[in-house]
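Engineer: Next up is a structure, given as structure tokens.
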Amino acid sequence: MTRHHISSGSVFEEQIGYSRAVVDGDWVFVSGTTGYDYATMTIAEDVVAQADQCFRNIAAALAQADASLDDVVRATFIVPRREDWEPCWPVVKKWLGKARPASTLIHAGLQTDAMRIEIEVTARRQKGDA
């Protein structure tokens with residue numbers, strides 16, 4: 001299978017020069033995804049709402065790759081504010097509770113102050129998936 005790129009339509013992808021996801025064989029690499037609603041280019045103030053939107057964005061990219069959040073094997077979470085992480089735990093469990101991927105949390109600044117969480121995942125499509 002050849003490598004192909006998936007775009008969310010975010011202006012950031014075009015301006016910076018990256019893809020929302022890259023599919024290479026059975027592997028799907030989803031880039032750091034923030035809580036922007038790409039249809040409206042708006043972002044909620046609440047970190048929990050942002051985390052939920054991150055997962056909706058990631059799920060959409062995975063669907064374009066014929067994969068799902070259940071295929072995620074690795075997740076990286078980046079939050080600028082340490083206190084924002086624990087409120088996101090129920091959201092993470094809701095979206096990744098079945099997959100239970102290996103995960104890492106990093107505390108670091110993000111592109112803008114409005115961004116309160118960024119999530120990156122790697123998925124491996126199961127045999128028999130398209």
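Chain lettering (A, B, ...) mirrors the order of the structure tokens, residue numbering begins at 1 for each chain separately, and ligand numbering begins at 1 in order of display.
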Using only C-alpha atoms, which protein or nucleic acid residues come within 12 Å of Ala39 of chain A? Drop anything in the same chain fewer than 6 positions from it, and give the result as a short mmCIF file (atom, residue, chain, number, x, y, z; two decimals) with N, CA and C atoms, in the first residue's frame.

Structural biologist:
data_model
loop_
_atom_site.label_atom_id
_atom_site.label_comp_id
_atom_site.auth_asym_id
_atom_site.auth_seq_id
_atom_site.Cartn_x
_atom_site.Cartn_y
_atom_site.Cartn_z
N SER A 8 -7.70 17.70 7.42
CA SER A 8 -8.95 18.04 8.11
C SER A 8 -9.59 19.27 7.48
N GLY A 9 -8.83 19.96 6.63
CA GLY A 9 -9.30 21.21 6.07
C GLY A 9 -8.87 22.41 6.89
N SER A 10 -8.14 22.16 7.97
CA SER A 10 -7.65 23.25 8.81
C SER A 10 -6.69 24.13 8.03
N VAL A 11 -6.81 25.43 8.23
CA VAL A 11 -5.89 26.36 7.56
C VAL A 11 -4.47 26.15 8.04
N GLN A 53 -13.42 17.73 21.63
CA GLN A 53 -13.31 18.13 20.21
C GLN A 53 -12.06 17.53 19.59
N ASN A 57 -12.09 15.29 16.21
CA ASN A 57 -11.21 15.55 15.06
C ASN A 57 -10.36 14.33 14.71
#

Engineer: Skip Asp26 of chain A itself and residues of its chain fewer than 5 positions away, then list as a short mmCIF file (atom, residue, chain, number, x, y, z; two decimals) with C-alpha atoms, in the first residue's frame all residues within 8 Å of it, counting only C-alpha atoms.

Structural biologist:
data_model
loop_
_atom_site.label_atom_id
_atom_site.label_comp_id
_atom_site.auth_asym_id
_atom_site.auth_seq_id
_atom_site.Cartn_x
_atom_site.Cartn_y
_atom_site.Cartn_z
CA ARG A 124 -2.61 0.28 13.54
CA ARG A 125 -5.48 -0.93 11.42
CA GLN A 126 -6.53 -4.46 12.22
#

Engineer: May I have a table of the residues of segment 27-62 of chain A lying at most 9 Å from segment 69-76 of chain A, giving each one's closest pair of atoms and their distance in Å to one decimal, counting only C-alpha atoms, ordered by chain and ascending residue number, as a tab-separated table?

Structural biologist:
residue	atom	partner	partner_atom	distance
A:Val28	CA	A:Val72	CA	8.7
A:Gly32	CA	A:Thr76	CA	8.3
A:Phe55	CA	A:Leu69	CA	8.5
A:Ile58	CA	A:Leu69	CA	7.9
A:Ala59	CA	A:Leu69	CA	6.1
A:Leu62	CA	A:Leu69	CA	7.1

Engineer: Between A:Ala108, A:Ala99, A:Ala61, A:Ala51, which residue has the minimum interatomic distance to Val79 of chain A, considering only C-alpha atoms?

Structural biologist: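 Counting only C-alpha atoms, the residue closest to Val79 of chain A is A:Ala108.
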
Engineer: Hey, what's within 12 Å of Thr112 of chain A if we count only C-alpha atoms and toss same-chain stuff fewer than 5 positions away? As a list in words, please?

Structural biologist: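 After dropping sequence-adjacent residues, the list is Thr34, Gly35, Tyr36, Ile43, Val79, Pro80, Ile117 and Glu118 of chain A.
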
Engineer: Can you write out the residues you just picked, keeping C-alpha atoms, as a tab-separated table (two decimals), in the first residue's frame?

Structural biologist:
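What landed in result-v8.tsv:
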chain	number	residue	atom	x	y	z
A	34	THR	CA	-6.11	20.63	19.18
A	35	GLY	CA	-9.66	21.46	20.21
A	36	TYR	CA	-10.51	23.57	17.19
A	43	ILE	CA	-12.21	26.76	19.97
A	79	VAL	CA	-1.18	20.32	28.24
A	80	PRO	CA	0.33	23.67	29.18
A	117	ILE	CA	-4.69	20.46	25.11
A	118	GLU	CA	-3.15	18.79	22.09

Engineer: Mind checking DSSP for chain A and telling me the alpha helix (DSSP H) residues as a VMD selection string?

Structural biologist: chain A and resid 11 to 16 47 to 64 85 to 96

Engineer: Export N, CA and C atoms of the chosen residues as a compact mmCIF listing (two decimals), in the first residue's frame?

Structural biologist:
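Below you can see result.txt, which holds the result:
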# COMPACT_ATOMS: atom_id res chain seq x y z
N VAL A 11 -6.81 25.43 8.23
CA VAL A 11 -5.89 26.36 7.56
C VAL A 11 -4.47 26.15 8.04
N PHE A 12 -4.31 25.63 9.26
CA PHE A 12 -2.97 25.43 9.80
C PHE A 12 -2.17 24.43 8.96
N GLU A 13 -2.83 23.41 8.47
CA GLU A 13 -2.13 22.39 7.68
C GLU A 13 -1.51 23.00 6.44
N GLU A 14 -2.27 23.83 5.75
CA GLU A 14 -1.76 24.48 4.54
C GLU A 14 -0.68 25.51 4.88
N GLN A 15 -0.91 26.31 5.90
CA GLN A 15 0.04 27.37 6.25
C GLN A 15 1.37 26.82 6.76
N ILE A 16 1.32 25.74 7.52
CA ILE A 16 2.53 25.21 8.14
C ILE A 16 3.17 24.12 7.29
N VAL A 47 -11.17 23.29 28.88
CA VAL A 47 -10.25 22.23 28.47
C VAL A 47 -10.96 20.91 28.22
N VAL A 48 -12.00 20.61 28.98
CA VAL A 48 -12.73 19.36 28.79
C VAL A 48 -13.43 19.37 27.43
N ALA A 49 -14.05 20.49 27.09
CA ALA A 49 -14.69 20.62 25.77
C ALA A 49 -13.65 20.52 24.67
N GLN A 50 -12.48 21.11 24.89
CA GLN A 50 -11.42 21.02 23.89
C GLN A 50 -10.95 19.58 23.72
N ALA A 51 -10.80 18.86 24.81
CA ALA A 51 -10.36 17.46 24.72
C ALA A 51 -11.37 16.64 23.92
N ASP A 52 -12.65 16.85 24.19
CA ASP A 52 -13.69 16.13 23.45
C ASP A 52 -13.63 16.45 21.96
N GLN A 53 -13.42 17.73 21.63
CA GLN A 53 -13.31 18.13 20.21
C GLN A 53 -12.06 17.53 19.59
N CYS A 54 -10.96 17.47 20.33
CA CYS A 54 -9.75 16.81 19.82
C CYS A 54 -10.08 15.40 19.35
N PHE A 55 -10.79 14.66 20.20
CA PHE A 55 -11.11 13.28 19.85
C PHE A 55 -12.08 13.19 18.68
N ARG A 56 -13.01 14.13 18.57
CA ARG A 56 -13.89 14.13 17.38
C ARG A 56 -13.06 14.37 16.12
N ASN A 57 -12.09 15.29 16.21
CA ASN A 57 -11.21 15.55 15.06
C ASN A 57 -10.36 14.33 14.71
N ILE A 58 -9.82 13.69 15.74
CA ILE A 58 -8.98 12.50 15.53
C ILE A 58 -9.83 11.36 14.94
N ALA A 59 -11.02 11.16 15.49
CA ALA A 59 -11.90 10.10 14.98
C ALA A 59 -12.24 10.33 13.51
N ALA A 60 -12.45 11.58 13.13
CA ALA A 60 -12.75 11.89 11.72
C ALA A 60 -11.57 11.55 10.82
N ALA A 61 -10.36 11.87 11.27
CA ALA A 61 -9.16 11.55 10.48
C ALA A 61 -8.99 10.04 10.38
N LEU A 62 -9.17 9.35 11.49
CA LEU A 62 -9.04 7.89 11.47
C LEU A 62 -10.07 7.25 10.56
N ALA A 63 -11.28 7.77 10.58
CA ALA A 63 -12.34 7.22 9.70
C ALA A 63 -11.94 7.34 8.23
N GLN A 64 -11.31 8.45 7.87
CA GLN A 64 -10.85 8.63 6.49
C GLN A 64 -9.76 7.62 6.14
N TRP A 85 -5.01 18.55 33.28
CA TRP A 85 -4.96 17.16 32.86
C TRP A 85 -6.03 16.28 33.53
N GLU A 86 -6.12 16.32 34.84
CA GLU A 86 -7.06 15.43 35.54
C GLU A 86 -8.51 15.62 35.10
N PRO A 87 -9.00 16.85 34.87
CA PRO A 87 -10.38 16.98 34.41
C PRO A 87 -10.64 16.31 33.05
N CYS A 88 -9.58 16.05 32.29
CA CYS A 88 -9.72 15.41 30.97
C CYS A 88 -9.77 13.88 31.05
N TRP A 89 -9.44 13.31 32.18
CA TRP A 89 -9.40 11.85 32.30
C TRP A 89 -10.69 11.17 31.85
N PRO A 90 -11.88 11.64 32.29
CA PRO A 90 -13.11 10.97 31.83
C PRO A 90 -13.30 11.04 30.31
N VAL A 91 -12.86 12.12 29.70
CA VAL A 91 -12.96 12.25 28.24
C VAL A 91 -12.04 11.25 27.56
N VAL A 92 -10.83 11.13 28.06
CA VAL A 92 -9.88 10.17 27.50
C VAL A 92 -10.43 8.76 27.62
N LYS A 93 -10.96 8.43 28.79
CA LYS A 93 -11.51 7.09 28.99
C LYS A 93 -12.69 6.84 28.06
N LYS A 94 -13.54 7.85 27.87
CA LYS A 94 -14.70 7.71 26.98
C LYS A 94 -14.26 7.34 25.56
N TRP A 95 -13.23 7.99 25.07
CA TRP A 95 -12.81 7.81 23.68
C TRP A 95 -11.79 6.68 23.51
N LEU A 96 -10.94 6.44 24.50
CA LEU A 96 -9.86 5.45 24.35
C LEU A 96 -9.97 4.27 25.32

Engineer: Between A:Asp84, A:Ile119, A:Lys127, A:Gly17, single out the one closest to Ser31 of chain A, counting only C-alpha atoms.

Structural biologist: A:Ile119

Engineer: Quick one: of A:Arg100, A:His4, A:His107, A:Arg20, who's nearest to Tyr38 of chain A, counting only C-alpha atoms?

Structural biologist: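 Of A:Arg100, A:His4, A:His107, A:Arg20, the one nearest Tyr38 of chain A is A:Arg20, counting only C-alpha atoms.
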
Engineer: Mind checking DSSP for segment 15-84 of chain A and telling me the strand (DSSP E or B) residues as a PyMOL selection string?

Structural biologist: chain A and resi 21-24+27-34+36-37+42-43+72-79

Engineer: For each of A:Ala114, A:Ser68, A:Glu45, A:Phe77, take the minimum atom-to-atom distance to Lys98 of chain A, counting only C-alpha atoms, then give the residue where this is smallest.

Structural biologist: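 Looking at the shortest contact to Lys98 of chain A, the residue is A:Ser68.
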
Engineer: What's around Val23 of chain A at 7 Å? Count only C-alpha atoms, leave out sequence neighbours fewer than 3 positions away in its own chain, and write the answer as a PyMOL selection string.

Structural biologist: chain A and resi 3-5+27-29+65

Engineer: Check the smallest atom-to-atom distance from each of A:Ile6, A:Leu105, A:Thr42, A:Ala21 to Ala123 of chain A using only C-alpha atoms, then report the winner.

Structural biologist: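 For Ala123 of chain A, the nearest of the candidates is A:Ala21.
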
Engineer: If you measure from atom CA of Gln111 of chain A to atom CA of Ser7 of chain A, what distance in Å do you get, rounded to one decimal?

Structural biologist: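 These atoms are spaced 18.9 Å apart.
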
Engineer: Interatomic distance between atom CA of Thr2 of chain A and atom CA of Ser103 of chain A?

Structural biologist: 27.6 Å
